[in-house]
Amino acid sequence: MTVRRCLLVLLGGVAVLAQTRADAPAPASLAGQKGPILAHLNELVTWYLQFQDTSPWVMEPAEAFYQSTGHDLAGEALKSAFEAAGNEAPLIPESGGQANAYGAAQGQRVADMVDATQSRIAKLTAQQSALEDTPANVNQRGVLEAQLQLARAQLAALQQVANIVTGSSEDATVGSLSGQIRALERTLPELFASTTSAPAVTAGSKTAAAPEASTPTAGTGLIARAGLLYDVVRARSDLNRLLQTTDSLRDEAVKLRDPIRSQLTAILQLSQQTGNEASGTADSSKLAELRTRLEDATSQYQALSKVIVPYSQELTLLLQSSENLRQWKTALDREYSTLLSSLGIKVAVLVGLLVLLLAASEIARRGAFRYVHDSRRRRQILLIRRFTVGLLITLLLIGGVVSDLSSLATFAGFITAGVAVALQSVILSVAAYFFLIGRYGVKVGDRVTISGVTGEVIDIGLIRVYLMELAGTGVVSYPTGRVVVFANSALFSASTPLYKQIPGTDFTWHELQADLTADGDVKAVRDLLLAAVMSVYNEYKGGFERQHSSVQRIIDIRLETPQPVASVRLAETGVEAVIRYPVDIRHSSETDAKVTERVLDALNHQPTIKAGLSGPPKVRVATKV
């Protein structure tokens, strides 16, 4: 009865110990676990390494906690998985038993040779020490020393072979589950460098071993915010994939734990049956057999418990990791909503400011057309409006889109240098524009001559000036129907001068020329022609006097009022009388016609003076415009 009581006490103290009966079904074999275990460990290693690259996912300082916690939980879960796999590996039958036996036998032979060599070294050392240091023993001591050196060299070689054989034995051949598990452990020295394991990490704890995370700085510009929003979207996507991987690993761990749990459940059921059988018999031999079986079951349960406990810890850590990742994803969702709303508000404000600026520009344009009646002044105001609005829009876009103005200034410096070289003609044209519209500049309607082309200005742009080309024979000018375009930079070209009227004036000079005979009355002809021209000039003299007054107010040079001047000079054909007189540019043809009529009428009334002419008088242009 003593043996019976011991059995009952053993069954009561160890609730889960059991041993199958001879007629009970045996627990399921673990032979099919090798492949799933290795696949699970490889996926866990990849999953753990993904936590090393989660720094770009940290958008706020508070999110660094989730990164640190996730990294620690992943490391502890990986340790638990390796511990469970290492404890389960001896329970899984290996197919390479002969190779393992051969490796063990070879290791034993090498170990025996090492022991024999060490014993020989010790014996030779003792013999050498026993010899007295006398001249008679010198040769014998030399022989012993040579033998010692050879033995030590042999021992060093055998120790190297022993290390190789031992390592090969530990790996238990390439196909061994234990060897492959240890090979995977060597790829993670930061986790398996020491034999002491760190305490398990819970979701609310944080260790100092987590990688340092860098938090991106949110810029104020649209580009910076859009870039940060893209980073948040990408981080959310990567975090979702990592969360799915974590849930998948939990399912795999559950599948790996289920066979162990099934075996333990079977052992518990069979142990209850074994206990009932022990309580129902008084046969000492039967009780001794049951006791042996229960002792074997104890060893089996201890081996299985070392597997299921790390699996349970791994599942707990994976569950905590999933919860941590979900909290991190919630924080990223909040960051996404905040960034999206702030980006929308900034875009709305920027668009609103642009609309207000364009509306103010349109109001200024309409006001210029309504209240400014001088066309030249209106064009200048409109140009200033376009330039100001363009500059404000550029500054507004730069201020709204770009946040790092220091780097922009450096970039703009290089861009400006390149633009200055590539667009130097355009820049010169823009600079010349401000000279053209200056105080003594050109306005629409002026008659100018540029590079030998005479025409009336019809438009002055920021880059180019447009002329309506004028041509003619003699004193008559008429539009050719063509528009001539010159770059404003022509103003700075010495080879293409610009001719224009004095500001405030609109006249040019024509000449009345008459050839005289050698015996003609030069003075009488000159006076007659001058009187005829003066009679026409007096009709539009008032306009020239007003122009002269206007010029005196604009420039500081004293000018005489333009009026007809008579002169007599010697020419190649003889003596000629020349009457130079000013004419209005726009009415020069009418003026010349009147002068011709008056001269011919005066000559018809003075036949004696007309006889002194060698030919009819001629009207020509004195100054080409």
# chains A, B, ... in the order shown; residues from 1 in each chain; ligands from 1
$ residues_around --residues "segment 326-328 of chain A" --least-positions-apart "6" --cutoff "8 Å" --atoms "only C-alpha atoms" --output "ChimeraX atom specification"
/A:63,66,243
$ write_last_selection --atoms "C-alpha atoms" --output "short mmCIF file (atom, residue, chain, number, x, y, z; two decimals), in the first residue's frame"
data_model
loop_
_atom_site.label_atom_id
_atom_site.label_comp_id
_atom_site.auth_asym_id
_atom_site.auth_seq_id
_atom_site.Cartn_x
_atom_site.Cartn_y
_atom_site.Cartn_z
CA GLU A 63 5.05 58.24 -31.92
CA TYR A 66 5.28 53.19 -30.37
CA LEU A 243 0.14 44.71 -38.88
#
$ select_by_dssp --residues "segment 271-489 of chain A" --states "strand (DSSP E)" --output "PyMOL selection string"
chain A and resi 447-450+453-460+464-471+478-487
$ closest_residue --among "A:Gln563, A:Gln313, A:Asn240, A:Ser614" --to "Glu76 of chain A" --atoms "only C-alpha atoms"
A:Gln313
$ residues_around --residues "Thr187 of chain A" --least-positions-apart "5" --cutoff "10 Å" --atoms "only C-alpha atoms" --output "JSON list (two decimals) with N, CA, C and O atoms, in the first residue's frame"
[["chain", "number", "residue", "atom", "x", "y", "z"],
["A", 45, "VAL", "N", 12.12, 36.56, -38.34],
["A", 45, "VAL", "CA", 13.35, 37.34, -38.50],
["A", 45, "VAL", "C", 13.11, 38.49, -39.46],
["A", 45, "VAL", "O", 13.50, 39.64, -39.20],
["A", 182, "ARG", "N", 20.36, 27.41, -34.79],
["A", 182, "ARG", "CA", 21.53, 28.14, -34.31],
["A", 182, "ARG", "C", 22.12, 29.02, -35.42],
["A", 182, "ARG", "O", 22.66, 30.10, -35.15],
["A", 192, "PHE", "N", 21.08, 37.53, -29.59],
["A", 192, "PHE", "CA", 21.55, 36.26, -29.05],
["A", 192, "PHE", "C", 23.04, 36.28, -28.73],
["A", 192, "PHE", "O", 23.68, 35.23, -28.67]]
$ residues_around --residues "Glu560 of chain A" --least-positions-apart "6" --cutoff "12 Å" --atoms "only C-alpha atoms" --output "list in words"
Phe544, Glu545, Gln547, His548, Ser549, Val551 and Gln552 of chain A
$ atom_distance --atom1 "atom CA of Ala431 of chain A" --atom2 "atom CA of Ser489 of chain A"
7.9 Å
$ residues_around --residues "Asp231 of chain A" --least-positions-apart "2" --cutoff "12 Å" --atoms "only C-alpha atoms" --output "list of chain:residue names"
A:Thr54, A:Ser55, A:Pro56, A:Trp57, A:Val58, A:Met59, A:Thr215, A:Pro216, A:Thr217, A:Ala218, A:Ala224, A:Arg225, A:Ala226, A:Gly227, A:Leu228, A:Leu229, A:Val233, A:Arg234, A:Ala235, A:Arg236, A:Ser237, A:Asp238, A:Leu239, A:Leu332, A:Glu335, A:Tyr336, A:Leu339
$ closest_residue --among "A:Asp72, A:Asp592, A:Glu456, A:Glu289" --to "Glu511 of chain A" --atoms "only C-alpha atoms"
A:Asp592
$ residues_around --residues "Ser588 of chain A" --least-positions-apart "2" --cutoff "10 Å" --atoms "only C-alpha atoms" --output "PyMOL selection string"
chain A and resi 475-477+507-510+582-586+590-594+621
$ residues_around --residues "Val484 of chain A" --least-positions-apart "3" --cutoff "8 Å" --atoms "only C-alpha atoms" --output "ChimeraX atom specification"
/A:466-469
$ atom_distance --atom1 "atom CA of Leu264 of chain A" --atom2 "atom CA of Glu323 of chain A"
29.5 Å
$ select_by_dssp --residues "segment 323-546 of chain A" --states "helix (DSSP H, G or I)" --output "number ranges by chain"
A: 323-371, 375-401, 405-422, 424-436, 488-492, 522-546
$ write_last_selection --atoms "C-alpha atoms" --output "compact mmCIF listing (two decimals), in the first residue's frame"
# COMPACT_ATOMS: atom_id res chain seq x y z
CA GLU A 323 -2.13 46.33 -30.28
CA ASN A 324 0.89 48.64 -30.27
CA LEU A 325 0.86 48.81 -34.08
CA ARG A 326 -2.87 49.60 -34.06
CA GLN A 327 -2.31 52.45 -31.62
CA TRP A 328 0.52 53.70 -33.83
CA LYS A 329 -1.77 53.49 -36.86
CA THR A 330 -4.42 55.47 -34.97
CA ALA A 331 -1.84 58.19 -34.25
CA LEU A 332 -0.85 58.23 -37.94
CA ASP A 333 -4.52 58.49 -38.90
CA ARG A 334 -4.86 61.54 -36.68
CA GLU A 335 -1.70 63.02 -38.18
CA TYR A 336 -3.07 62.33 -41.68
CA SER A 337 -6.34 64.09 -40.90
CA THR A 338 -4.53 67.06 -39.37
CA LEU A 339 -2.14 67.41 -42.31
CA LEU A 340 -4.93 67.03 -44.86
CA SER A 341 -7.07 69.70 -43.19
CA SER A 342 -4.14 72.10 -42.76
CA LEU A 343 -3.11 71.54 -46.38
CA GLY A 344 -6.64 72.23 -47.55
CA ILE A 345 -6.86 75.41 -45.45
CA LYS A 346 -3.50 76.64 -46.76
CA VAL A 347 -4.51 75.96 -50.37
CA ALA A 348 -7.83 77.74 -49.80
CA VAL A 349 -6.09 80.75 -48.26
CA LEU A 350 -3.57 80.86 -51.09
CA VAL A 351 -6.29 80.63 -53.74
CA GLY A 352 -8.31 83.30 -51.92
CA LEU A 353 -5.35 85.67 -51.84
CA LEU A 354 -4.71 85.06 -55.53
CA VAL A 355 -8.36 85.78 -56.33
CA LEU A 356 -8.26 89.01 -54.29
CA LEU A 357 -5.05 90.04 -56.00
CA LEU A 358 -6.46 89.37 -59.46
CA ALA A 359 -9.67 91.22 -58.55
CA ALA A 360 -7.64 94.24 -57.39
CA SER A 361 -5.68 94.06 -60.65
CA GLU A 362 -8.88 94.08 -62.68
CA ILE A 363 -10.24 97.04 -60.69
CA ALA A 364 -6.99 98.94 -61.31
CA ARG A 365 -7.19 98.16 -65.04
CA ARG A 366 -10.75 99.42 -65.33
CA GLY A 367 -9.91 102.50 -63.28
CA ALA A 368 -6.99 103.27 -65.60
CA PHE A 369 -9.24 103.11 -68.67
CA ARG A 370 -11.92 105.19 -66.97
CA TYR A 371 -9.97 107.95 -65.26
CA SER A 375 -2.91 107.03 -73.70
CA ARG A 376 0.78 107.10 -72.87
CA ARG A 377 0.17 107.54 -69.17
CA ARG A 378 -2.49 104.82 -69.25
CA ARG A 379 -0.11 102.36 -70.90
CA GLN A 380 2.52 103.10 -68.29
CA ILE A 381 0.02 102.57 -65.48
CA LEU A 382 -1.16 99.31 -67.00
CA LEU A 383 2.41 98.10 -67.41
CA ILE A 384 3.21 98.97 -63.80
CA ARG A 385 0.02 97.13 -62.80
CA ARG A 386 1.07 93.98 -64.70
CA PHE A 387 4.57 94.10 -63.28
CA THR A 388 3.34 94.66 -59.71
CA VAL A 389 0.68 91.97 -59.91
CA GLY A 390 3.14 89.49 -61.42
CA LEU A 391 5.69 90.22 -58.71
CA LEU A 392 3.10 89.87 -55.92
CA ILE A 393 1.79 86.60 -57.38
CA THR A 394 5.35 85.26 -57.61
CA LEU A 395 6.12 86.24 -54.02
CA LEU A 396 2.80 84.83 -52.84
CA LEU A 397 3.42 81.51 -54.57
CA ILE A 398 6.98 81.32 -53.27
CA GLY A 399 5.90 82.15 -49.74
CA GLY A 400 3.02 79.68 -49.86
CA VAL A 401 4.75 76.80 -51.62
CA LEU A 405 13.87 80.24 -48.05
CA SER A 406 17.59 79.91 -47.30
CA SER A 407 18.04 76.98 -49.67
CA LEU A 408 15.74 78.71 -52.14
CA ALA A 409 17.99 81.80 -52.05
CA THR A 410 21.04 79.70 -52.87
CA PHE A 411 19.21 77.91 -55.66
CA ALA A 412 17.83 81.20 -56.96
CA GLY A 413 21.35 82.63 -57.03
CA PHE A 414 22.57 79.92 -59.38
CA ILE A 415 19.42 80.17 -61.47
CA THR A 416 19.75 83.94 -61.71
CA ALA A 417 23.35 83.68 -62.88
CA GLY A 418 22.39 81.22 -65.59
CA VAL A 419 19.37 83.27 -66.67
CA ALA A 420 21.47 86.44 -66.78
CA VAL A 421 23.87 84.80 -69.24
CA ALA A 422 21.22 83.06 -71.34
CA GLN A 424 21.11 88.96 -71.58
CA SER A 425 19.42 90.34 -74.72
CA VAL A 426 16.01 90.05 -73.07
CA ILE A 427 17.30 91.73 -69.93
CA LEU A 428 18.76 94.56 -72.01
CA SER A 429 15.41 94.94 -73.75
CA VAL A 430 13.59 95.19 -70.44
CA ALA A 431 16.09 97.77 -69.20
CA ALA A 432 15.75 99.74 -72.45
CA TYR A 433 11.97 99.77 -72.06
CA PHE A 434 12.22 102.04 -69.04
CA PHE A 435 14.38 104.44 -71.06
CA LEU A 436 11.83 104.41 -73.88
CA ASN A 488 14.22 97.44 -77.19
CA SER A 489 17.88 96.54 -76.75
CA ALA A 490 18.53 98.38 -80.04
CA LEU A 491 18.54 101.52 -77.90
CA PHE A 492 21.91 100.43 -76.47
CA VAL A 522 19.68 137.06 -106.72
CA LYS A 523 18.32 139.29 -103.97
CA ALA A 524 14.98 139.81 -105.70
CA VAL A 525 14.51 136.07 -106.24
CA ARG A 526 15.40 135.29 -102.62
CA ASP A 527 13.02 137.91 -101.25
CA LEU A 528 10.20 136.78 -103.50
CA LEU A 529 10.55 133.14 -102.50
CA LEU A 530 10.89 134.00 -98.81
CA ALA A 531 7.74 136.16 -98.93
CA ALA A 532 5.78 133.34 -100.54
CA VAL A 533 6.95 130.84 -97.90
CA MET A 534 6.30 133.30 -95.05
CA SER A 535 2.73 133.80 -96.24
CA VAL A 536 2.10 130.08 -95.80
CA TYR A 537 4.08 129.83 -92.55
CA ASN A 538 2.04 132.60 -90.89
CA GLU A 539 -1.04 130.40 -91.21
CA TYR A 540 0.35 127.71 -88.83
CA LYS A 541 2.86 129.81 -86.92
CA GLY A 542 0.76 129.70 -83.74
CA GLY A 543 1.14 125.92 -83.44
CA PHE A 544 4.93 126.15 -83.59
CA GLU A 545 4.97 128.84 -80.92
CA ARG A 546 2.92 126.60 -78.62
$ atom_distance --atom1 "atom CA of Phe65 of chain A" --atom2 "atom CA of Pro310 of chain A"
25.6 Å
$ closest_residue --among "A:Val453, A:Ala130, A:Ile460, A:Leu44" --to "Thr480 of chain A" --atoms "only C-alpha atoms"
A:Val453
$ decode --residues "segment 533-569 of chain A" --atoms "N, CA, C and O atoms" --output "PDB file, in the first residue's frame"
ATOM      1  N   VAL A 533       6.914 131.846 -98.969  1.00  0.00           N
ATOM      2  CA  VAL A 533       6.948 130.837 -97.898  1.00  0.00           C
ATOM      3  C   VAL A 533       6.408 131.416 -96.596  1.00  0.00           C
ATOM      4  O   VAL A 533       5.665 130.755 -95.850  1.00  0.00           O
ATOM      5  N   MET A 534       6.746 132.679 -96.292  1.00  0.00           N
ATOM      6  CA  MET A 534       6.302 133.295 -95.050  1.00  0.00           C
ATOM      7  C   MET A 534       4.781 133.441 -95.029  1.00  0.00           C
ATOM      8  O   MET A 534       4.146 133.327 -93.976  1.00  0.00           O
ATOM      9  N   SER A 535       4.192 133.665 -96.210  1.00  0.00           N
ATOM     10  CA  SER A 535       2.732 133.799 -96.242  1.00  0.00           C
ATOM     11  C   SER A 535       2.042 132.496 -95.845  1.00  0.00           C
ATOM     12  O   SER A 535       0.971 132.506 -95.226  1.00  0.00           O
ATOM     13  N   VAL A 536       2.667 131.375 -96.208  1.00  0.00           N
ATOM     14  CA  VAL A 536       2.105 130.080 -95.795  1.00  0.00           C
ATOM     15  C   VAL A 536       2.429 129.795 -94.324  1.00  0.00           C
ATOM     16  O   VAL A 536       1.599 129.296 -93.563  1.00  0.00           O
ATOM     17  N   TYR A 537       3.644 130.118 -93.925  1.00  0.00           N
ATOM     18  CA  TYR A 537       4.084 129.835 -92.546  1.00  0.00           C
ATOM     19  C   TYR A 537       3.225 130.574 -91.534  1.00  0.00           C
ATOM     20  O   TYR A 537       2.916 130.026 -90.458  1.00  0.00           O
ATOM     21  N   ASN A 538       2.826 131.809 -91.857  1.00  0.00           N
ATOM     22  CA  ASN A 538       2.044 132.599 -90.893  1.00  0.00           C
ATOM     23  C   ASN A 538       0.707 131.948 -90.587  1.00  0.00           C
ATOM     24  O   ASN A 538       0.111 132.215 -89.536  1.00  0.00           O
ATOM     25  N   GLU A 539       0.242 131.050 -91.450  1.00  0.00           N
ATOM     26  CA  GLU A 539      -1.035 130.398 -91.206  1.00  0.00           C
ATOM     27  C   GLU A 539      -0.950 129.348 -90.085  1.00  0.00           C
ATOM     28  O   GLU A 539      -1.942 129.083 -89.411  1.00  0.00           O
ATOM     29  N   TYR A 540       0.209 128.734 -89.898  1.00  0.00           N
ATOM     30  CA  TYR A 540       0.346 127.714 -88.830  1.00  0.00           C
ATOM     31  C   TYR A 540       1.449 128.085 -87.835  1.00  0.00           C
ATOM     32  O   TYR A 540       1.926 127.228 -87.083  1.00  0.00           O
ATOM     33  N   LYS A 541       1.811 129.356 -87.826  1.00  0.00           N
ATOM     34  CA  LYS A 541       2.858 129.810 -86.918  1.00  0.00           C
ATOM     35  C   LYS A 541       2.478 129.628 -85.460  1.00  0.00           C
ATOM     36  O   LYS A 541       3.316 129.291 -84.613  1.00  0.00           O
ATOM     37  N   GLY A 542       1.188 129.829 -85.143  1.00  0.00           N
ATOM     38  CA  GLY A 542       0.762 129.704 -83.737  1.00  0.00           C
ATOM     39  C   GLY A 542       1.044 128.330 -83.146  1.00  0.00           C
ATOM     40  O   GLY A 542       1.427 128.185 -81.981  1.00  0.00           O
ATOM     41  N   GLY A 543       0.865 127.271 -83.953  1.00  0.00           N
ATOM     42  CA  GLY A 543       1.141 125.921 -83.441  1.00  0.00           C
ATOM     43  C   GLY A 543       2.602 125.714 -83.106  1.00  0.00           C
ATOM     44  O   GLY A 543       2.939 125.071 -82.097  1.00  0.00           O
ATOM     45  N   PHE A 544       3.497 126.299 -83.883  1.00  0.00           N
ATOM     46  CA  PHE A 544       4.931 126.153 -83.586  1.00  0.00           C
ATOM     47  C   PHE A 544       5.318 126.930 -82.334  1.00  0.00           C
ATOM     48  O   PHE A 544       6.177 126.490 -81.565  1.00  0.00           O
ATOM     49  N   GLU A 545       4.668 128.068 -82.136  1.00  0.00           N
ATOM     50  CA  GLU A 545       4.966 128.839 -80.923  1.00  0.00           C
ATOM     51  C   GLU A 545       4.517 128.084 -79.672  1.00  0.00           C
ATOM     52  O   GLU A 545       5.194 128.108 -78.638  1.00  0.00           O
ATOM     53  N   ARG A 546       3.372 127.400 -79.767  1.00  0.00           N
ATOM     54  CA  ARG A 546       2.920 126.600 -78.618  1.00  0.00           C
ATOM     55  C   ARG A 546       3.865 125.423 -78.369  1.00  0.00           C
ATOM     56  O   ARG A 546       4.171 125.084 -77.221  1.00  0.00           O
ATOM     57  N   GLN A 547       4.306 124.796 -79.438  1.00  0.00           N
ATOM     58  CA  GLN A 547       5.265 123.700 -79.265  1.00  0.00           C
ATOM     59  C   GLN A 547       6.558 124.216 -78.638  1.00  0.00           C
ATOM     60  O   GLN A 547       7.154 123.551 -77.772  1.00  0.00           O
ATOM     61  N   HIS A 548       7.008 125.428 -79.069  1.00  0.00           N
ATOM     62  CA  HIS A 548       8.236 125.995 -78.516  1.00  0.00           C
ATOM     63  C   HIS A 548       8.093 126.257 -77.028  1.00  0.00           C
ATOM     64  O   HIS A 548       9.010 125.989 -76.234  1.00  0.00           O
ATOM     65  N   SER A 549       6.932 126.767 -76.610  1.00  0.00           N
ATOM     66  CA  SER A 549       6.705 127.011 -75.178  1.00  0.00           C
ATOM     67  C   SER A 549       6.722 125.700 -74.395  1.00  0.00           C
ATOM     68  O   SER A 549       7.262 125.618 -73.280  1.00  0.00           O
ATOM     69  N   SER A 550       6.134 124.662 -74.965  1.00  0.00           N
ATOM     70  CA  SER A 550       6.120 123.357 -74.295  1.00  0.00           C
ATOM     71  C   SER A 550       7.527 122.800 -74.154  1.00  0.00           C
ATOM     72  O   SER A 550       7.899 122.248 -73.112  1.00  0.00           O
ATOM     73  N   VAL A 551       8.338 122.969 -75.207  1.00  0.00           N
ATOM     74  CA  VAL A 551       9.714 122.470 -75.144  1.00  0.00           C
ATOM     75  C   VAL A 551      10.503 123.214 -74.089  1.00  0.00           C
ATOM     76  O   VAL A 551      11.316 122.624 -73.355  1.00  0.00           O
ATOM     77  N   GLN A 552      10.301 124.519 -73.950  1.00  0.00           N
ATOM     78  CA  GLN A 552      11.028 125.310 -72.964  1.00  0.00           C
ATOM     79  C   GLN A 552      10.720 124.847 -71.542  1.00  0.00           C
ATOM     80  O   GLN A 552      11.566 124.937 -70.654  1.00  0.00           O
ATOM     81  N   ARG A 553       9.523 124.328 -71.343  1.00  0.00           N
ATOM     82  CA  ARG A 553       9.167 123.837 -70.001  1.00  0.00           C
ATOM     83  C   ARG A 553       9.760 122.455 -69.721  1.00  0.00           C
ATOM     84  O   ARG A 553       9.959 122.082 -68.578  1.00  0.00           O
ATOM     85  N   ILE A 554      10.031 121.694 -70.764  1.00  0.00           N
ATOM     86  CA  ILE A 554      10.503 120.317 -70.573  1.00  0.00           C
ATOM     87  C   ILE A 554      12.016 120.263 -70.442  1.00  0.00           C
ATOM     88  O   ILE A 554      12.548 119.581 -69.544  1.00  0.00           O
ATOM     89  N   ILE A 555      12.742 120.956 -71.336  1.00  0.00           N
ATOM     90  CA  ILE A 555      14.202 120.872 -71.335  1.00  0.00           C
ATOM     91  C   ILE A 555      14.779 122.208 -70.893  1.00  0.00           C
ATOM     92  O   ILE A 555      14.103 123.247 -70.896  1.00  0.00           O
ATOM     93  N   ASP A 556      16.051 122.160 -70.512  1.00  0.00           N
ATOM     94  CA  ASP A 556      16.721 123.352 -69.973  1.00  0.00           C
ATOM     95  C   ASP A 556      17.548 124.085 -71.018  1.00  0.00           C
ATOM     96  O   ASP A 556      18.203 125.072 -70.693  1.00  0.00           O
ATOM     97  N   ILE A 557      17.551 123.620 -72.278  1.00  0.00           N
ATOM     98  CA  ILE A 557      18.331 124.275 -73.338  1.00  0.00           C
ATOM     99  C   ILE A 557      17.458 125.341 -73.995  1.00  0.00           C
ATOM    100  O   ILE A 557      16.290 125.100 -74.316  1.00  0.00           O
ATOM    101  N   ARG A 558      18.031 126.500 -74.220  1.00  0.00           N
ATOM    102  CA  ARG A 558      17.283 127.578 -74.858  1.00  0.00           C
ATOM    103  C   ARG A 558      17.238 127.331 -76.358  1.00  0.00           C
ATOM    104  O   ARG A 558      18.255 127.157 -77.018  1.00  0.00           O
ATOM    105  N   LEU A 559      16.048 127.341 -76.931  1.00  0.00           N
ATOM    106  CA  LEU A 559      15.841 127.105 -78.349  1.00  0.00           C
ATOM    107  C   LEU A 559      15.086 128.274 -78.966  1.00  0.00           C
ATOM    108  O   LEU A 559      14.225 128.900 -78.318  1.00  0.00           O
ATOM    109  N   GLU A 560      15.421 128.559 -80.186  1.00  0.00           N
ATOM    110  CA  GLU A 560      14.716 129.598 -80.921  1.00  0.00           C
ATOM    111  C   GLU A 560      13.470 129.006 -81.570  1.00  0.00           C
ATOM    112  O   GLU A 560      13.453 127.848 -81.967  1.00  0.00           O
ATOM    113  N   THR A 561      12.471 129.835 -81.697  1.00  0.00           N
ATOM    114  CA  THR A 561      11.251 129.380 -82.358  1.00  0.00           C
ATOM    115  C   THR A 561      11.549 129.099 -83.821  1.00  0.00           C
ATOM    116  O   THR A 561      12.128 129.944 -84.528  1.00  0.00           O
ATOM    117  N   PRO A 562      11.221 127.912 -84.344  1.00  0.00           N
ATOM    118  CA  PRO A 562      11.506 127.599 -85.755  1.00  0.00           C
ATOM    119  C   PRO A 562      10.702 128.502 -86.694  1.00  0.00           C
ATOM    120  O   PRO A 562       9.496 128.707 -86.503  1.00  0.00           O
ATOM    121  N   GLN A 563      11.387 129.059 -87.680  1.00  0.00           N
ATOM    122  CA  GLN A 563      10.755 129.910 -88.687  1.00  0.00           C
ATOM    123  C   GLN A 563      11.571 129.839 -89.969  1.00  0.00           C
ATOM    124  O   GLN A 563      12.725 129.409 -89.954  1.00  0.00           O
ATOM    125  N   PRO A 564      10.980 130.276 -91.132  1.00  0.00           N
ATOM    126  CA  PRO A 564      11.679 130.186 -92.417  1.00  0.00           C
ATOM    127  C   PRO A 564      12.935 131.027 -92.429  1.00  0.00           C
ATOM    128  O   PRO A 564      13.014 132.100 -91.838  1.00  0.00           O
ATOM    129  N   VAL A 565      13.977 130.467 -93.116  1.00  0.00           N
ATOM    130  CA  VAL A 565      15.266 131.129 -93.243  1.00  0.00           C
ATOM    131  C   VAL A 565      15.669 131.060 -94.716  1.00  0.00           C
ATOM    132  O   VAL A 565      15.582 129.996 -95.340  1.00  0.00           O
ATOM    133  N   ALA A 566      16.133 132.190 -95.277  1.00  0.00           N
ATOM    134  CA  ALA A 566      16.549 132.247 -96.683  1.00  0.00           C
ATOM    135  C   ALA A 566      18.054 132.342 -96.760  1.00  0.00           C
ATOM    136  O   ALA A 566      18.712 132.989 -95.925  1.00  0.00           O
ATOM    137  N   SER A 567      18.630 131.674 -97.806  1.00  0.00           N
ATOM    138  CA  SER A 567      20.076 131.718 -98.022  1.00  0.00           C
ATOM    139  C   SER A 567      20.349 131.568 -99.506  1.00  0.00           C
ATOM    140  O   SER A 567      19.542 130.999-100.247  1.00  0.00           O
ATOM    141  N   VAL A 568      21.495 132.119 -99.935  1.00  0.00           N
ATOM    142  CA  VAL A 568      21.954 131.990-101.319  1.00  0.00           C
ATOM    143  C   VAL A 568      23.334 131.354-101.276  1.00  0.00           C
ATOM    144  O   VAL A 568      24.189 131.757-100.475  1.00  0.00           O
ATOM    145  N   ARG A 569      23.576 130.360-102.139  1.00  0.00           N
ATOM    146  CA  ARG A 569      24.846 129.666-102.108  1.00  0.00           C
ATOM    147  C   ARG A 569      25.232 129.215-103.502  1.00  0.00           C
ATOM    148  O   ARG A 569      24.385 129.120-104.414  1.00  0.00           O
TER     149      ARG A 569
END
